[in-house]
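Undergrad: Before I ask anything, let me first share the structure, which is written out below as structure tokens.
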Amino acid sequence: MGKYNTLLYYCYSTISDAELFAADHLIFCKSLNLTGRIIVAEEGLNGTVSGAADACKTYMDTLHADPRFAAIDFKVDEVAIPSFIKMHVRYKSEIVHSGLRDPHIINPQKKTGIHLDPKEFLAMKDNEDVVILDVRSNYEHSLGKFKNAVTLDIENFRDFPDKINELAQYRDKKIVTYCTGGIKCEKASALLLHEGFTDVYQLHGGIIKYGKEAGGEDFEGKCYVFDNRLSVEVNSVNPVAISTCYNCGKTTEKMINCANPECNEHFTQCDECGTAMDGCCSDACKEHPRKRVYDGTGYYVKVPQAVGVKNQETRSKNQDFFA
């Protein structure tokens with residue numbers, strides 16, 4: 001096991017004291033010297049944390065010992081350095097922002113698409129009666145996606161419900177949804193069932209688990225992740241690059257955030273243009289007075305928010321912290 005681990009996980013499980021849990025959980029994470037981001041809501045947990053391997057094991061063992069979180073499927077990456085700088089635990093109304101908050105309509109604890117493990121997905125994905133549906137945002141699937149997947153023009157997952165009518169042409173097909181770690185698929189597949197689609201599946205554990213257990217076959221490009229790595233390799237079988245530099249069109253798999261914080265666009269940019277544009281997507285952003293210092297990574301630490309306070313939800317494009 002490497003010196004450090006990064007854990008990606010989620011769990012739909014009722015937390016009646018979610019706001020208090022968030023405050024206490026931050027203290028617990030800091031006691032283990034973990035860094036990362038965790039969202040806590042009444043409907044469950046959604047997190048990515050990073051730290052020493054033994055601390056990460058303690059974290060996983062502790063959550064698994066709690067009956068509410070015993071079923072968590074942690075995706076574990078060995079990393080050279082922690083994937084975050086700080087530790088944030090935030091209380092919110094949802095663990096992934098979708099706008100689908102009524103548990104009487106959409107409740108992943110009760111009804112979702114059929115879960116496919118990576119090898120089942122691999123065996124099924126190329127069948128003629130199957131449609132592979134990417135439920136992630138534009139900047140994510142522009143960096144990498146499954147070959148022949150259907151993608152949607154959405155800036156955030158909260159836009160997904162408005163795209164249901166565009167999928168009507170696939171009602172007689174088997175629809176298999178996928179996302180980074182599986183969390184978005186829980187609500188996406190549940191919504192498809194609610195809207196009358198009858199043959200709905202989802203890739204359990206998402207792209208990350210598929211890469212670990214099935215070699216990532218036919219996933220083209222890289223997978224965007226919500227930490228300072230920004231992207232990870234998935235396909236060890238037949239990899240291919242599909243993304244191009246936003247500025248010059250050269251093939252590149254480097255994803256960054258625009259150095260102008262008022263833009264903060266997620267986009268692919270080659271190193272040459274990164275240097276020339278100082279990590280910005282446009283000349284206007286390059287000249288912006290609030291432009292952040294570009295260090296070549298394109299990753300910027302988020303401004304911390306208070307824990308244990310019901311903050312008003314922002315509608316910025318960066319609210320989709322986790323997959």
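In the structure tokens, chains take the letters A, B, ... in the order shown, each chain's residues start at 1, and ligands count up from 1 in the order shown.
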Within 12 Å of Ala55 in chain A, counting only C-alpha atoms, which residues show up once you throw out same-chain ones fewer than 4 positions away? Write them as an MDAnalysis selection string, please.

TA: chainID A and resid 3:7 28:35 49:51 59:62 82

Undergrad: So which residues touch Tyr300 in chain A within 9 Å, counting only C-alpha atoms, skipping near sequence neighbours fewer than 2 positions away, as an mmCIF file with C-alpha atoms, in the first residue's frame?

TA:
```
data_model
loop_
_atom_site.group_PDB
_atom_site.id
_atom_site.type_symbol
_atom_site.label_atom_id
_atom_site.label_comp_id
_atom_site.auth_asym_id
_atom_site.auth_seq_id
_atom_site.Cartn_x
_atom_site.Cartn_y
_atom_site.Cartn_z
ATOM 1 C CA ASN A 228 -6.020 18.558 -7.099
ATOM 2 C CA ASN A 257 -9.868 25.760 -14.037
ATOM 3 C CA ALA A 259 -7.269 31.381 -13.307
ATOM 4 C CA ARG A 292 -5.091 33.983 -9.510
ATOM 5 C CA TYR A 294 -1.104 30.103 -12.217
ATOM 6 C CA THR A 297 -1.655 22.864 -12.279
ATOM 7 C CA GLY A 298 -4.852 24.841 -12.787
ATOM 8 C CA LYS A 302 -11.791 26.506 -2.562
#
```

Undergrad: Choose the residue, out of A:Lys184, A:Tyr139, A:Glu19, A:Glu166, that has the smallest atom-to-atom separation from Glu265 in chain A; count only C-alpha atoms.

TA: A:Tyr139

Undergrad: With only C-alpha atoms as the counted atoms, please give the residues lying no more than 7 Å from range 252-255 of chain A, apart from itself and same-chain residues fewer than 2 positions off, as an mmCIF file with all heavy atoms, in the first residue's frame.

TA:
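Final file, part-v6.cif:
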```cif
data_model
loop_
_atom_site.group_PDB
_atom_site.id
_atom_site.type_symbol
_atom_site.label_atom_id
_atom_site.label_comp_id
_atom_site.auth_asym_id
_atom_site.auth_seq_id
_atom_site.Cartn_x
_atom_site.Cartn_y
_atom_site.Cartn_z
ATOM 1 N N LEU A 143 -13.541 15.639 -21.593
ATOM 2 C CA LEU A 143 -12.215 15.125 -21.264
ATOM 3 C C LEU A 143 -12.135 13.617 -21.495
ATOM 4 O O LEU A 143 -11.098 13.098 -21.917
ATOM 5 C CB LEU A 143 -11.882 15.444 -19.807
ATOM 6 C CG LEU A 143 -10.507 14.998 -19.311
ATOM 7 C CD1 LEU A 143 -9.396 15.735 -20.040
ATOM 8 C CD2 LEU A 143 -10.391 15.225 -17.800
ATOM 9 N N LYS A 222 -9.451 10.713 -20.358
ATOM 10 C CA LYS A 222 -9.252 10.610 -18.920
ATOM 11 C C LYS A 222 -10.538 10.936 -18.180
ATOM 12 O O LYS A 222 -11.482 11.487 -18.753
ATOM 13 C CB LYS A 222 -8.135 11.564 -18.463
ATOM 14 C CG LYS A 222 -6.736 11.147 -18.875
ATOM 15 C CD LYS A 222 -5.698 12.058 -18.228
ATOM 16 C CE LYS A 222 -4.284 11.609 -18.533
ATOM 17 N NZ LYS A 222 -3.275 12.490 -17.866
ATOM 18 N N LEU A 230 -7.185 16.586 -10.672
ATOM 19 C CA LEU A 230 -8.048 17.055 -11.743
ATOM 20 C C LEU A 230 -8.460 15.973 -12.736
ATOM 21 O O LEU A 230 -9.582 15.980 -13.244
ATOM 22 C CB LEU A 230 -7.425 18.241 -12.493
ATOM 23 C CG LEU A 230 -7.362 19.545 -11.691
ATOM 24 C CD1 LEU A 230 -6.641 20.626 -12.486
ATOM 25 C CD2 LEU A 230 -8.752 20.020 -11.297
ATOM 26 N N SER A 231 -7.585 15.040 -13.037
ATOM 27 C CA SER A 231 -7.972 13.933 -13.916
ATOM 28 C C SER A 231 -7.136 12.705 -13.576
ATOM 29 O O SER A 231 -6.041 12.825 -13.033
ATOM 30 C CB SER A 231 -7.775 14.302 -15.392
ATOM 31 O OG SER A 231 -6.406 14.474 -15.695
ATOM 32 N N ALA A 241 -6.718 9.349 -26.589
ATOM 33 C CA ALA A 241 -7.005 10.720 -26.168
ATOM 34 C C ALA A 241 -8.079 11.308 -27.075
ATOM 35 O O ALA A 241 -8.029 11.147 -28.299
ATOM 36 C CB ALA A 241 -5.739 11.569 -26.233
ATOM 37 N N SER A 243 -9.657 14.644 -26.099
ATOM 38 C CA SER A 243 -9.861 16.062 -25.809
ATOM 39 C C SER A 243 -8.788 16.919 -26.469
ATOM 40 O O SER A 243 -7.667 16.472 -26.722
ATOM 41 C CB SER A 243 -9.878 16.296 -24.297
ATOM 42 O OG SER A 243 -8.717 15.776 -23.688
ATOM 43 N N THR A 244 -9.153 18.147 -26.752
ATOM 44 C CA THR A 244 -8.243 19.065 -27.426
ATOM 45 C C THR A 244 -8.145 20.380 -26.655
ATOM 46 O O THR A 244 -9.038 20.737 -25.888
ATOM 47 C CB THR A 244 -8.715 19.366 -28.860
ATOM 48 O OG1 THR A 244 -10.042 19.897 -28.816
ATOM 49 C CG2 THR A 244 -8.703 18.098 -29.705
ATOM 50 N N CYS A 245 -7.062 21.097 -26.885
ATOM 51 C CA CYS A 245 -6.834 22.375 -26.227
ATOM 52 C C CYS A 245 -7.897 23.380 -26.632
ATOM 53 O O CYS A 245 -8.170 23.587 -27.822
ATOM 54 C CB CYS A 245 -5.439 22.902 -26.575
ATOM 55 S SG CYS A 245 -5.069 24.530 -25.862
ATOM 56 N N LYS A 250 -4.856 21.667 -30.183
ATOM 57 C CA LYS A 250 -3.911 20.558 -30.076
ATOM 58 C C LYS A 250 -4.455 19.490 -29.116
ATOM 59 O O LYS A 250 -5.092 19.801 -28.114
ATOM 60 C CB LYS A 250 -2.585 21.098 -29.559
ATOM 61 C CG LYS A 250 -1.516 20.066 -29.271
ATOM 62 C CD LYS A 250 -0.274 20.731 -28.693
ATOM 63 C CE LYS A 250 0.777 19.728 -28.285
ATOM 64 N NZ LYS A 250 1.980 20.396 -27.701
ATOM 65 N N HIS A 266 -14.047 25.266 -16.429
ATOM 66 C CA HIS A 266 -13.299 24.025 -16.537
ATOM 67 C C HIS A 266 -13.014 23.803 -18.022
ATOM 68 O O HIS A 266 -13.952 23.742 -18.824
ATOM 69 C CB HIS A 266 -14.117 22.828 -16.031
ATOM 70 C CG HIS A 266 -14.590 22.949 -14.617
ATOM 71 N ND1 HIS A 266 -15.552 23.838 -14.212
ATOM 72 C CD2 HIS A 266 -14.251 22.243 -13.516
ATOM 73 C CE1 HIS A 266 -15.775 23.688 -12.927
ATOM 74 N NE2 HIS A 266 -15.003 22.735 -12.476
ATOM 75 N N PHE A 267 -11.754 23.679 -18.394
ATOM 76 C CA PHE A 267 -11.460 23.491 -19.809
ATOM 77 C C PHE A 267 -10.114 22.800 -19.984
ATOM 78 O O PHE A 267 -9.283 22.775 -19.075
ATOM 79 C CB PHE A 267 -11.492 24.820 -20.566
ATOM 80 C CG PHE A 267 -10.391 25.785 -20.191
ATOM 81 C CD1 PHE A 267 -9.313 25.995 -21.045
ATOM 82 C CD2 PHE A 267 -10.429 26.495 -18.997
ATOM 83 C CE1 PHE A 267 -8.295 26.879 -20.711
ATOM 84 C CE2 PHE A 267 -9.421 27.387 -18.658
ATOM 85 C CZ PHE A 267 -8.349 27.575 -19.520
ATOM 86 N N THR A 268 -9.911 22.212 -21.155
ATOM 87 C CA THR A 268 -8.643 21.557 -21.470
ATOM 88 C C THR A 268 -7.717 22.561 -22.139
ATOM 89 O O THR A 268 -8.127 23.328 -23.008
ATOM 90 C CB THR A 268 -8.856 20.344 -22.395
ATOM 91 O OG1 THR A 268 -9.744 20.701 -23.466
ATOM 92 C CG2 THR A 268 -9.447 19.177 -21.627
ATOM 93 N N GLN A 269 -6.457 22.527 -21.704
ATOM 94 C CA GLN A 269 -5.478 23.474 -22.221
ATOM 95 C C GLN A 269 -4.097 22.821 -22.230
ATOM 96 O O GLN A 269 -3.679 22.244 -21.221
ATOM 97 C CB GLN A 269 -5.464 24.738 -21.355
ATOM 98 C CG GLN A 269 -4.583 25.856 -21.885
ATOM 99 C CD GLN A 269 -4.651 27.087 -20.991
ATOM 100 O OE1 GLN A 269 -4.238 27.040 -19.838
ATOM 101 N NE2 GLN A 269 -5.178 28.193 -21.522
ATOM 102 N N CYS A 270 -3.419 22.900 -23.349
ATOM 103 C CA CYS A 270 -2.070 22.331 -23.425
ATOM 104 C C CYS A 270 -1.098 23.191 -22.616
ATOM 105 O O CYS A 270 -1.391 24.346 -22.285
ATOM 106 C CB CYS A 270 -1.619 22.225 -24.880
ATOM 107 S SG CYS A 270 -1.325 23.811 -25.708
#
```

Undergrad: Which residue gives the smallest distance to Gly36 in chain A among A:Gly144, A:Leu8, A:Leu133, A:Asp278, with only C-alpha atoms counted?

TA: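 Checking each candidate against Gly36 in chain A, we get A:Leu8 as the closest.
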
Undergrad: Can you list every residue in range 159-188 of chain A that DSSP puts in strand (DSSP E or B), as a list in words?

TA: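 Of range 159-188 of chain A, the ones in strand (DSSP E or B) are Lys174, Ile175, Val176, Thr177 and Tyr178 of chain A.
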
Undergrad: Store the residues of this selection in a file with N, CA and C atoms, as a PDB file, in the first residue's frame.

TA:
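result-v7.pdb, freshly written:
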```pdb
ATOM      1  N   LYS A 174     -32.493  -0.674 -23.487  1.00  0.00           N
ATOM      2  CA  LYS A 174     -31.937  -0.763 -22.139  1.00  0.00           C
ATOM      3  C   LYS A 174     -31.030   0.450 -21.948  1.00  0.00           C
ATOM      4  N   ILE A 175     -31.304   1.272 -20.964  1.00  0.00           N
ATOM      5  CA  ILE A 175     -30.485   2.447 -20.699  1.00  0.00           C
ATOM      6  C   ILE A 175     -29.571   2.164 -19.515  1.00  0.00           C
ATOM      7  N   VAL A 176     -28.268   2.351 -19.734  1.00  0.00           N
ATOM      8  CA  VAL A 176     -27.286   2.159 -18.672  1.00  0.00           C
ATOM      9  C   VAL A 176     -26.621   3.502 -18.402  1.00  0.00           C
ATOM     10  N   THR A 177     -26.831   4.044 -17.227  1.00  0.00           N
ATOM     11  CA  THR A 177     -26.227   5.324 -16.875  1.00  0.00           C
ATOM     12  C   THR A 177     -24.853   5.108 -16.248  1.00  0.00           C
ATOM     13  N   TYR A 178     -23.998   6.129 -16.379  1.00  0.00           N
ATOM     14  CA  TYR A 178     -22.710   6.083 -15.685  1.00  0.00           C
ATOM     15  C   TYR A 178     -22.275   7.494 -15.327  1.00  0.00           C
TER      16      TYR A 178
END
```

Undergrad: Which residues come within 6 Å of range 189-205 of chain A, counting only C-alpha atoms, excluding same-chain residues fewer than 3 positions away, as a ChimeraX atom specification?

TA: /A:112-117,171,174-178,181-182,185-186,209

Undergrad: Of the candidates A:Lys286, A:Lys291, A:Lys173, A:Arg229, which shows the shortest atom-to-atom distance to Val131 in chain A, using only C-alpha atoms?

TA: A:Lys173

Undergrad: As an MDAnalysis selection string, please: all residues of range 46-234 of chain A that backbone DSSP puts in alpha helix (DSSP H).

TA: chainID A and resid 53:65 118:124 138:143 183:194 206:214

Undergrad: Return the single residue from A:Gly44, A:Val135, A:Ser282, A:Lys212 that is closest to Lys163 in chain A, with distances computed using only C-alpha atoms.

TA: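 The closest residue to Lys163 in chain A is A:Val135.
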
Undergrad: Phe69 in chain A: which residues within 9 Å, counting only C-alpha atoms, same-chain residues fewer than 3 positions away excluded, as a count of residues only?

TA: 10

Undergrad: Given only C-alpha atoms as the basis, pick out the residue of A:Asn148, A:Tyr91, A:Cys223, A:Glu155 nearest to Thr180 in chain A.

TA: A:Cys223

Undergrad: What is the distance between CA of Tyr224 in chain A and CA of Met87 in chain A, in Å to one decimal?

TA: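 Straight-line distance from CA of Tyr224 in chain A to CA of Met87 in chain A works out to 20.3 Å.
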
Undergrad: Measuring between only C-alpha atoms, which one of A:Phe226, A:Tyr210, A:Phe21, A:Tyr9 shows the shortest distance to Glu140 in chain A?

TA: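 Using only C-alpha atoms, Glu140 in chain A sits closest to A:Phe226.
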